[in-house]
file model15.cif (mmCIF, C-alpha atoms)
data_coords
loop_
_atom_site.label_atom_id
_atom_site.label_comp_id
_atom_site.auth_asym_id
_atom_site.auth_seq_id
_atom_site.Cartn_x
_atom_site.Cartn_y
_atom_site.Cartn_z
CA PRO A 17 -59.71 -52.39 -23.53
CA ILE A 18 -61.94 -50.06 -21.51
CA VAL A 19 -60.48 -46.56 -21.09
CA ALA A 20 -62.25 -44.48 -18.46
CA SER A 21 -62.50 -40.73 -18.99
CA LEU A 22 -61.92 -38.57 -15.93
CA ASN A 23 -62.41 -34.82 -15.64
CA GLY A 24 -61.49 -33.60 -12.17
CA VAL A 25 -60.99 -30.26 -10.48
CA THR A 26 -59.28 -30.83 -7.12
CA GLN A 27 -56.37 -33.20 -6.56
CA GLY A 28 -58.49 -35.14 -4.09
CA GLY A 29 -61.21 -35.49 -6.68
CA TRP A 30 -58.75 -36.74 -9.29
CA LEU A 31 -57.30 -39.28 -6.85
CA ASP A 32 -60.53 -40.61 -5.39
CA ASN A 33 -62.22 -41.07 -8.74
CA ALA A 34 -59.14 -42.56 -10.39
CA LYS A 35 -59.01 -45.24 -7.69
CA LEU A 36 -62.73 -45.94 -8.08
CA LEU A 37 -62.38 -46.29 -11.86
CA GLU A 38 -59.51 -48.73 -11.43
CA GLN A 39 -61.53 -50.76 -8.93
CA ALA A 40 -64.48 -50.78 -11.34
CA GLY A 41 -62.32 -52.52 -13.95
CA ALA A 42 -60.92 -49.77 -16.19
CA ASP A 43 -57.86 -50.87 -18.18
CA ALA A 44 -56.59 -47.29 -18.40
CA ILE A 45 -57.64 -43.77 -17.45
CA GLU A 46 -57.69 -40.69 -19.66
CA LEU A 47 -57.35 -37.49 -17.63
CA HIS A 48 -59.05 -34.49 -19.20
CA ILE A 49 -57.04 -31.36 -18.46
CA ASP A 50 -59.16 -28.21 -18.61
CA ALA A 51 -56.92 -25.63 -16.97
CA LEU A 52 -58.57 -22.26 -17.51
CA PRO A 53 -56.94 -19.63 -15.26
CA THR A 54 -59.33 -16.92 -14.16
CA GLY A 55 -57.01 -15.15 -11.73
CA ALA A 56 -54.16 -12.80 -12.63
CA ARG A 57 -51.79 -14.17 -9.96
CA LEU A 58 -51.50 -17.69 -11.39
CA SER A 59 -48.54 -17.84 -13.78
CA GLY A 60 -48.19 -20.10 -16.79
CA PRO A 61 -45.38 -22.20 -15.27
CA ALA A 62 -47.36 -22.60 -12.03
CA LEU A 63 -50.41 -23.77 -13.97
CA GLU A 64 -48.32 -26.33 -15.87
CA GLN A 65 -46.65 -27.52 -12.66
CA ARG A 66 -50.06 -28.07 -11.10
CA THR A 67 -50.95 -30.36 -14.03
CA VAL A 68 -47.65 -32.26 -13.86
CA ASP A 69 -47.99 -32.75 -10.09
CA MET A 70 -51.56 -33.98 -10.47
CA VAL A 71 -50.56 -36.53 -13.12
CA ALA A 72 -47.66 -37.77 -10.97
CA THR A 73 -49.93 -38.11 -7.93
CA VAL A 74 -52.60 -40.05 -9.83
CA LYS A 75 -49.93 -42.25 -11.42
CA ARG A 76 -48.59 -43.22 -8.00
CA ALA A 77 -52.11 -44.04 -6.78
CA VAL A 78 -53.14 -46.50 -9.52
CA ARG A 79 -51.49 -49.39 -11.33
CA ILE A 80 -53.16 -48.94 -14.71
CA PRO A 81 -51.79 -46.67 -17.47
CA ILE A 82 -52.61 -42.97 -17.46
CA ALA A 83 -53.20 -40.89 -20.59
CA VAL A 84 -53.42 -37.10 -20.50
CA LYS A 85 -55.81 -35.27 -22.81
CA LEU A 86 -54.32 -31.83 -23.32
CA SER A 87 -55.49 -28.54 -24.72
CA PRO A 88 -53.43 -26.76 -27.40
CA PHE A 89 -53.18 -23.60 -25.29
CA TYR A 90 -49.67 -23.90 -23.88
CA THR A 91 -46.72 -21.69 -24.71
CA SER A 92 -44.29 -24.64 -24.90
CA LEU A 93 -46.18 -27.85 -25.47
CA LEU A 94 -43.02 -29.86 -26.16
CA ASN A 95 -41.60 -28.91 -22.78
CA LEU A 96 -44.85 -29.78 -21.00
CA ALA A 97 -45.04 -33.10 -22.86
CA ASN A 98 -41.56 -34.01 -21.64
CA GLN A 99 -42.52 -33.12 -18.08
CA LEU A 100 -45.62 -35.33 -18.32
CA ASP A 101 -43.39 -38.08 -19.69
CA ARG A 102 -41.25 -37.92 -16.57
CA ALA A 103 -44.36 -37.79 -14.38
CA GLY A 104 -45.41 -41.19 -15.72
CA ALA A 105 -47.99 -40.43 -18.41
CA ALA A 106 -48.25 -43.43 -20.72
CA GLY A 107 -50.09 -41.48 -23.40
CA LEU A 108 -50.84 -37.97 -24.62
CA VAL A 109 -54.10 -37.18 -26.42
CA LEU A 110 -54.21 -34.14 -28.75
CA PHE A 111 -56.40 -32.12 -28.26
CA ASN A 112 -59.30 -31.53 -25.91
CA ARG A 113 -62.25 -29.58 -27.34
CA PHE A 114 -64.03 -27.21 -24.97
CA TYR A 115 -67.42 -25.64 -24.67
CA HIS A 116 -67.24 -22.05 -25.90
CA PRO A 117 -69.24 -19.22 -24.39
CA ASP A 118 -71.88 -17.46 -26.43
CA ILE A 119 -74.37 -14.81 -25.34
CA ASP A 120 -78.13 -14.63 -25.68
CA ILE A 121 -78.38 -10.86 -26.18
CA GLU A 122 -82.13 -10.81 -25.53
CA ALA A 123 -82.20 -12.88 -22.33
CA LEU A 124 -78.76 -11.56 -21.25
CA GLU A 125 -77.61 -15.09 -20.48
CA ILE A 126 -74.42 -17.01 -21.21
CA ILE A 127 -74.85 -20.06 -23.42
CA SER A 128 -72.33 -22.89 -23.67
CA ARG A 129 -71.94 -24.35 -27.14
CA LEU A 130 -69.92 -27.28 -28.47
CA SER A 131 -70.22 -27.86 -32.20
CA LEU A 132 -69.34 -31.22 -33.72
CA SER A 133 -65.89 -31.30 -35.29
CA ASN A 134 -65.06 -31.67 -38.97
CA SER A 135 -61.89 -32.48 -40.89
CA SER A 136 -60.83 -28.82 -40.87
CA ASP A 137 -60.09 -29.22 -37.14
CA LEU A 138 -57.39 -31.81 -37.85
CA PRO A 139 -54.38 -29.72 -39.08
CA LEU A 140 -53.66 -28.26 -35.64
CA ARG A 141 -53.47 -31.81 -34.27
CA LEU A 142 -51.26 -32.92 -37.16
CA ARG A 143 -48.75 -30.14 -36.47
CA TRP A 144 -48.26 -31.17 -32.84
CA LEU A 145 -48.34 -34.90 -33.54
CA ALA A 146 -45.53 -34.36 -36.03
CA LEU A 147 -43.55 -32.24 -33.56
CA LEU A 148 -43.96 -34.70 -30.67
CA SER A 149 -43.50 -37.97 -32.57
CA GLY A 150 -40.25 -39.67 -31.57
CA ARG A 151 -39.48 -36.97 -29.01
CA VAL A 152 -41.55 -38.28 -26.09
CA GLN A 153 -41.82 -41.75 -24.59
CA ALA A 154 -45.60 -41.54 -24.22
CA SER A 155 -47.87 -42.94 -26.92
CA LEU A 156 -49.64 -40.31 -29.00
CA ALA A 157 -53.32 -40.22 -29.87
CA VAL A 158 -55.35 -37.75 -31.88
CA THR A 159 -58.86 -36.55 -31.13
CA GLY A 160 -60.82 -33.87 -32.96
CA GLY A 161 -61.25 -33.73 -36.71
CA VAL A 162 -60.97 -37.42 -37.67
CA HIS A 163 -63.84 -38.28 -40.02
CA THR A 164 -62.45 -39.92 -43.18
CA VAL A 165 -59.89 -42.58 -43.99
CA PHE A 166 -57.58 -39.81 -45.22
CA ASP A 167 -57.78 -38.15 -41.80
CA VAL A 168 -56.71 -41.45 -40.22
CA VAL A 169 -53.80 -41.87 -42.66
CA LYS A 170 -52.58 -38.30 -42.08
CA ALA A 171 -52.71 -38.71 -38.30
CA VAL A 172 -50.75 -41.97 -38.37
CA MET A 173 -48.18 -40.53 -40.79
CA CYS A 174 -47.64 -37.65 -38.34
CA GLY A 175 -47.07 -40.09 -35.50
CA ALA A 176 -50.44 -41.05 -33.99
CA GLN A 177 -50.57 -44.47 -32.36
CA GLY A 178 -54.26 -44.09 -31.58
CA VAL A 179 -57.15 -42.32 -33.29
CA GLN A 180 -60.28 -41.21 -31.43
CA MET A 181 -63.60 -40.41 -33.06
CA VAL A 182 -66.73 -38.92 -31.54
CA SER A 183 -68.35 -36.44 -33.91
CA ALA A 184 -68.00 -38.80 -36.89
CA LEU A 185 -69.81 -41.55 -34.98
CA LEU A 186 -72.52 -39.20 -33.74
CA ARG A 187 -73.17 -38.23 -37.36
CA ARG A 188 -72.86 -41.66 -39.00
CA GLY A 189 -73.32 -44.18 -36.20
CA PRO A 190 -70.98 -46.88 -34.83
CA GLY A 191 -70.98 -48.69 -38.19
CA HIS A 192 -68.68 -45.95 -39.50
CA ILE A 193 -65.82 -47.67 -37.66
CA ALA A 194 -66.20 -50.76 -39.86
CA VAL A 195 -66.33 -48.57 -42.97
CA LEU A 196 -63.09 -46.80 -42.04
CA ARG A 197 -61.34 -50.08 -41.20
CA HIS A 198 -62.29 -51.46 -44.62
CA GLU A 199 -61.23 -48.28 -46.42
CA LEU A 200 -57.95 -48.16 -44.47
CA THR A 201 -57.11 -51.75 -45.40
CA ALA A 202 -57.79 -50.97 -49.07
CA TRP A 203 -55.69 -47.78 -48.92
CA LEU A 204 -52.73 -49.58 -47.33
CA GLU A 205 -52.85 -52.35 -49.93
CA GLU A 206 -53.15 -49.87 -52.81
CA HIS A 207 -50.10 -47.97 -51.58
CA GLU A 208 -48.14 -51.15 -50.79
CA TYR A 209 -47.90 -50.69 -47.05
CA GLU A 210 -47.64 -53.91 -45.08
CA SER A 211 -48.85 -52.32 -41.83
CA LEU A 212 -49.84 -49.07 -40.16
CA GLN A 213 -46.57 -49.18 -38.22
CA GLN A 214 -44.65 -48.96 -41.49
CA MET A 215 -45.95 -45.46 -42.18
CA GLN A 216 -46.30 -44.30 -38.58
CA GLY A 217 -44.37 -41.08 -38.03
CA SER A 218 -43.13 -41.01 -41.63
CA MET A 219 -44.22 -37.37 -41.94
CA SER A 220 -43.01 -36.29 -38.50
CA PHE A 221 -40.61 -33.49 -37.69
CA LEU A 222 -37.76 -35.95 -37.13
CA LYS A 223 -38.29 -37.58 -40.54
CA CYS A 224 -38.63 -34.31 -42.45
CA PRO A 225 -35.64 -33.52 -44.72
CA ASP A 226 -36.22 -29.78 -44.17
CA PRO A 227 -37.77 -29.23 -40.70
CA SER A 228 -37.80 -25.44 -41.15
#
call {"tool": "encode", "arguments": {"input": "model15.cif", "output": "structure tokens"}}
result
Amino acid sequence: PIVASLNGVTQGGWLDNAKLLEQAGADAIELHIDALPTGARLSGPALEQRTVDMVATVKRAVRIPIAVKLSPFYTSLLNLANQLDRAGAAGLVLFNRFYHPDIDIEALEIISRLSLSNSSDLPLRLRWLALLSGRVQASLAVTGGVHTVFDVVKAVMCGAQGVQMVSALLRRGPGHIAVLRHELTAWLEEHEYESLQQMQGSMSFLKCPDPS
């Protein structure tokens, strides 16, 4: 399947480009949400409502599934996830990684930097995968920090139904996918799992004997 990535700003921009991507043959669309408030008058609930309304509007405009790539910077991510569920999101992707500002102190210029991820970025995603698994209708995917077969296993155990990789492939090339598939098959056989689905969500909040 071809999943188109869309990063919009205005609702019209989201709508127009989503329709164009569907017409171009996309099987699904991933909406990148980069909501960075720069004004003091915009409240947290209003910012979240703007996102929910945008997702609902795009969903009504296209027939293909919509996934929403979120940031971790929400005060109540579970509540927002449930709102996006009701708005028609078919998937939630955790989490978007943003360019961070740095400063060239000699030239007095702002520099945007985005470093490649590593496995140390994964635990934040695992926490929220585990908290969301089984508590939303949308499929869950992880992005950011998946490099090794153990990262894949951890993500699936916490509830991931999809695993995205970018930095790992930039470092090792597309052949790394085949390596991970081979290693994952070997790991499942060694630990007597018949399928990924068998262990999916096994380490989630709902499956934990002591959630506290």
call {"tool": "closest_residue", "arguments": {"input": "model15.cif", "among": "A:Gly161, A:Pro17, A:Gly24, A:Pro61", "to": "Ser92 of chain A", "atoms": "all atoms listed in the file"}}
result
A:Pro61
call {"tool": "closest_residue", "arguments": {"input": "model15.cif", "among": "A:Phe114, A:Phe166, A:Trp30, A:Tyr90", "to": "Leu138 of chain A", "atoms": "all atoms listed in the file"}}
result
A:Phe166
call {"tool": "residues_around", "arguments": {"input": "model15.cif", "residues": "Val182 of chain A", "least_positions_apart": "5", "cutoff": "12 Å", "atoms": "only C-alpha atoms", "output": "list in words"}}
result
Asn112, Arg113, Ser131, Leu132, Ser133, Asn134, Val158, Thr159, Gly160, Gly161, Val162, His163, Arg187, Arg188, Gly189, Pro190, His192 and Ile193 of chain A
call {"tool": "residues_around", "arguments": {"input": "model15.cif", "residues": "segment 148-150 of chain A", "least_positions_apart": "3", "cutoff": "7 Å", "atoms": "all atoms listed in the file", "output": "ChimeraX atom specification"}}
result
/A:94,144-145,175,217,220
call {"tool": "resolve_selection", "arguments": {"input": "model15.cif", "expression": "the PyMOL selection byres ((chain A and resi 87) around 9)", "output": "PDB file with C-alpha atoms, in the coordinates of the input"}}
result
ATOM      1  CA  HIS A  48     -59.050 -34.490 -19.200  1.00  0.00           C
ATOM      2  CA  ILE A  49     -57.040 -31.360 -18.460  1.00  0.00           C
ATOM      3  CA  ASP A  50     -59.160 -28.210 -18.610  1.00  0.00           C
ATOM      4  CA  ALA A  51     -56.920 -25.630 -16.970  1.00  0.00           C
ATOM      5  CA  LYS A  85     -55.810 -35.270 -22.810  1.00  0.00           C
ATOM      6  CA  LEU A  86     -54.320 -31.830 -23.320  1.00  0.00           C
ATOM      7  CA  PRO A  88     -53.430 -26.760 -27.400  1.00  0.00           C
ATOM      8  CA  PHE A  89     -53.180 -23.600 -25.290  1.00  0.00           C
ATOM      9  CA  TYR A  90     -49.670 -23.900 -23.880  1.00  0.00           C
ATOM     10  CA  VAL A 109     -54.100 -37.180 -26.420  1.00  0.00           C
ATOM     11  CA  LEU A 110     -54.210 -34.140 -28.750  1.00  0.00           C
ATOM     12  CA  PHE A 111     -56.400 -32.120 -28.260  1.00  0.00           C
ATOM     13  CA  ASN A 112     -59.300 -31.530 -25.910  1.00  0.00           C
ATOM     14  CA  ARG A 113     -62.250 -29.580 -27.340  1.00  0.00           C
ATOM     15  CA  PHE A 114     -64.030 -27.210 -24.970  1.00  0.00           C
TER      16      PHE A 114
END
call {"tool": "resolve_selection", "arguments": {"input": "model15.cif", "expression": "the PyMOL selection byres ((chain A and resi 104) around 10)", "output": "PDB file with C-alpha atoms, in the coordinates of the input"}}
result
ATOM      1  CA  VAL A  68     -47.650 -32.260 -13.860  1.00  0.00           C
ATOM      2  CA  VAL A  71     -50.560 -36.530 -13.120  1.00  0.00           C
ATOM      3  CA  ALA A  72     -47.660 -37.770 -10.970  1.00  0.00           C
ATOM      4  CA  THR A  73     -49.930 -38.110  -7.930  1.00  0.00           C
ATOM      5  CA  VAL A  74     -52.600 -40.050  -9.830  1.00  0.00           C
ATOM      6  CA  LYS A  75     -49.930 -42.250 -11.420  1.00  0.00           C
ATOM      7  CA  ARG A  76     -48.590 -43.220  -8.000  1.00  0.00           C
ATOM      8  CA  PRO A  81     -51.790 -46.670 -17.470  1.00  0.00           C
ATOM      9  CA  ILE A  82     -52.610 -42.970 -17.460  1.00  0.00           C
ATOM     10  CA  ALA A  83     -53.200 -40.890 -20.590  1.00  0.00           C
ATOM     11  CA  GLN A  99     -42.520 -33.120 -18.080  1.00  0.00           C
ATOM     12  CA  LEU A 100     -45.620 -35.330 -18.320  1.00  0.00           C
ATOM     13  CA  ASP A 101     -43.390 -38.080 -19.690  1.00  0.00           C
ATOM     14  CA  ARG A 102     -41.250 -37.920 -16.570  1.00  0.00           C
ATOM     15  CA  ALA A 103     -44.360 -37.790 -14.380  1.00  0.00           C
ATOM     16  CA  ALA A 105     -47.990 -40.430 -18.410  1.00  0.00           C
ATOM     17  CA  ALA A 106     -48.250 -43.430 -20.720  1.00  0.00           C
ATOM     18  CA  GLY A 107     -50.090 -41.480 -23.400  1.00  0.00           C
ATOM     19  CA  GLN A 153     -41.820 -41.750 -24.590  1.00  0.00           C
ATOM     20  CA  ALA A 154     -45.600 -41.540 -24.220  1.00  0.00           C
TER      21      ALA A 154
END
call {"tool": "atom_distance", "arguments": {"input": "model15.cif", "atom1": "atom CA of Ser136 of chain A", "atom2": "atom CA of Gln214 of chain A"}}
result
25.8 Å
